[in-house]
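Quick notes on the structure that follows.
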Amino acid sequence: MADYSNPNTPLTARAYKWSVTLSNGPLRNGKNATTDRTGSYNPPAGATVGTLLDGLRALHARETGVPLGDVVLVRYSLREK
């Protein structure tokens with residue numbers, strides 16, 4: 001079984017289902033506003049877990065108008081379809 005906690009793990013399946021929780025950081029003690037997202041991904045050749053996560057952070061930044069450096073990945077799950 002692949003180690004999806006390692007950002008260097010290659011994504012070799014044809015398709016994946018993913019879910020992420022993102023926050024517009026920086027995070028503070030206590031409650032922080034978060035956004036949950038879900039979707040599917042058909043990785044191109046050479047894609048890794050890190051490639052996918054970087055793309056999801058960039059998408060969130062673009063759609064919310066938050067600088068990419070302020071987007072915090074709180075949690076994610078990834079599994080083969």
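The chains in the structure tokens are called A, B, ... from first to last as shown; in each chain the residues are counted from 1, and the ligands are counted from 1 in the order shown.
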
Residues of chain A classed as strand (DSSP E or B) by DSSP on the backbone are to be reported as a ChimeraX atom specification.
/A:10,16-24,34-41,48,71-80

Return as a PDB file with N, CA and C atoms, in the first residue's frame the full set of residues in chain A whose backbone-based DSSP assignment is alpha helix (DSSP H).
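The result, written out as part_11.pdb:
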ATOM      1  N   VAL A  49       2.268  12.916  -4.419  1.00  0.00           N
ATOM      2  CA  VAL A  49       1.329  13.440  -3.426  1.00  0.00           C
ATOM      3  C   VAL A  49       1.564  14.943  -3.257  1.00  0.00           C
ATOM      4  N   GLY A  50       2.809  15.359  -3.188  1.00  0.00           N
ATOM      5  CA  GLY A  50       3.143  16.767  -3.031  1.00  0.00           C
ATOM      6  C   GLY A  50       2.643  17.617  -4.193  1.00  0.00           C
ATOM      7  N   THR A  51       2.734  17.095  -5.413  1.00  0.00           N
ATOM      8  CA  THR A  51       2.232  17.800  -6.593  1.00  0.00           C
ATOM      9  C   THR A  51       0.746  18.093  -6.435  1.00  0.00           C
ATOM     10  N   LEU A  52      -0.005  17.073  -6.027  1.00  0.00           N
ATOM     11  CA  LEU A  52      -1.447  17.234  -5.838  1.00  0.00           C
ATOM     12  C   LEU A  52      -1.740  18.253  -4.745  1.00  0.00           C
ATOM     13  N   LEU A  53      -1.089  18.123  -3.606  1.00  0.00           N
ATOM     14  CA  LEU A  53      -1.359  19.027  -2.488  1.00  0.00           C
ATOM     15  C   LEU A  53      -0.981  20.471  -2.822  1.00  0.00           C
ATOM     16  N   ASP A  54       0.133  20.666  -3.514  1.00  0.00           N
ATOM     17  CA  ASP A  54       0.523  22.015  -3.942  1.00  0.00           C
ATOM     18  C   ASP A  54      -0.533  22.606  -4.875  1.00  0.00           C
ATOM     19  N   GLY A  55      -1.049  21.780  -5.769  1.00  0.00           N
ATOM     20  CA  GLY A  55      -2.082  22.241  -6.695  1.00  0.00           C
ATOM     21  C   GLY A  55      -3.369  22.615  -5.978  1.00  0.00           C
ATOM     22  N   LEU A  56      -3.730  21.850  -4.954  1.00  0.00           N
ATOM     23  CA  LEU A  56      -4.949  22.150  -4.200  1.00  0.00           C
ATOM     24  C   LEU A  56      -4.794  23.442  -3.396  1.00  0.00           C
ATOM     25  N   ARG A  57      -3.620  23.648  -2.821  1.00  0.00           N
ATOM     26  CA  ARG A  57      -3.363  24.902  -2.096  1.00  0.00           C
ATOM     27  C   ARG A  57      -3.422  26.093  -3.060  1.00  0.00           C
ATOM     28  N   ALA A  58      -2.841  25.932  -4.251  1.00  0.00           N
ATOM     29  CA  ALA A  58      -2.848  27.008  -5.246  1.00  0.00           C
ATOM     30  C   ALA A  58      -4.269  27.309  -5.717  1.00  0.00           C
ATOM     31  N   LEU A  59      -5.060  26.278  -5.933  1.00  0.00           N
ATOM     32  CA  LEU A  59      -6.451  26.462  -6.338  1.00  0.00           C
ATOM     33  C   LEU A  59      -7.225  27.238  -5.271  1.00  0.00           C
ATOM     34  N   HIS A  60      -7.049  26.849  -4.022  1.00  0.00           N
ATOM     35  CA  HIS A  60      -7.741  27.521  -2.916  1.00  0.00           C
ATOM     36  C   HIS A  60      -7.313  28.994  -2.837  1.00  0.00           C
ATOM     37  N   ALA A  61      -6.033  29.251  -2.976  1.00  0.00           N
ATOM     38  CA  ALA A  61      -5.535  30.626  -2.934  1.00  0.00           C
ATOM     39  C   ALA A  61      -6.136  31.456  -4.054  1.00  0.00           C
ATOM     40  N   ARG A  62      -6.156  30.897  -5.240  1.00  0.00           N
ATOM     41  CA  ARG A  62      -6.685  31.607  -6.407  1.00  0.00           C
ATOM     42  C   ARG A  62      -8.178  31.903  -6.235  1.00  0.00           C
ATOM     43  N   GLU A  63      -8.940  30.925  -5.764  1.00  0.00           N
ATOM     44  CA  GLU A  63     -10.389  31.087  -5.640  1.00  0.00           C
ATOM     45  C   GLU A  63     -10.802  31.978  -4.476  1.00  0.00           C
ATOM     46  N   THR A  64      -9.961  32.081  -3.446  1.00  0.00           N
ATOM     47  CA  THR A  64     -10.325  32.891  -2.282  1.00  0.00           C
ATOM     48  C   THR A  64      -9.607  34.234  -2.253  1.00  0.00           C
TER      49      THR A  64
END

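Of the listed residues (A:Thr38, A:Thr9, A:Arg28, A:Arg14), A:Thr38 comes nearest to Arg75 of chain A; the distances count only C-alpha atoms.
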
What gap, in Å, lies between atom CA of Glu80 of chain A and atom CA of Gly25 of chain A?
29.4 Å

Skip Leu22 of chain A itself and residues of its chain fewer than 5 positions away, then list as a list in words all residues within 7 Å of it, counting only C-alpha atoms.
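Residues near the query, excluding close chain neighbours: Thr34, Thr35, Asp36, Val71, Val72, Leu73 and Val74 of chain A.
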
Given only C-alpha atoms as the basis, pick out the residue of A:Asn42, A:Thr12, A:Asn32, A:Asn24 nearest to Gly65 of chain A.
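For Gly65 of chain A, the nearest of the candidates is A:Asn24.
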
Between A:Gly69, A:Ala45, A:Gly30, A:Tyr4, single out the one closest to Trp18 of chain A, counting only C-alpha atoms.
A:Tyr4

Nearest to Arg37 of chain A: which of A:Tyr76, A:Asn8, A:Lys81, A:Pro67 is it, counting only C-alpha atoms?
A:Tyr76

What's the 10 Å shell around Pro44 of chain A, counting only C-alpha atoms, without same-chain residues fewer than 3 positions away, as a ChimeraX atom specification?
/A:11-12,14-15,41,47-48
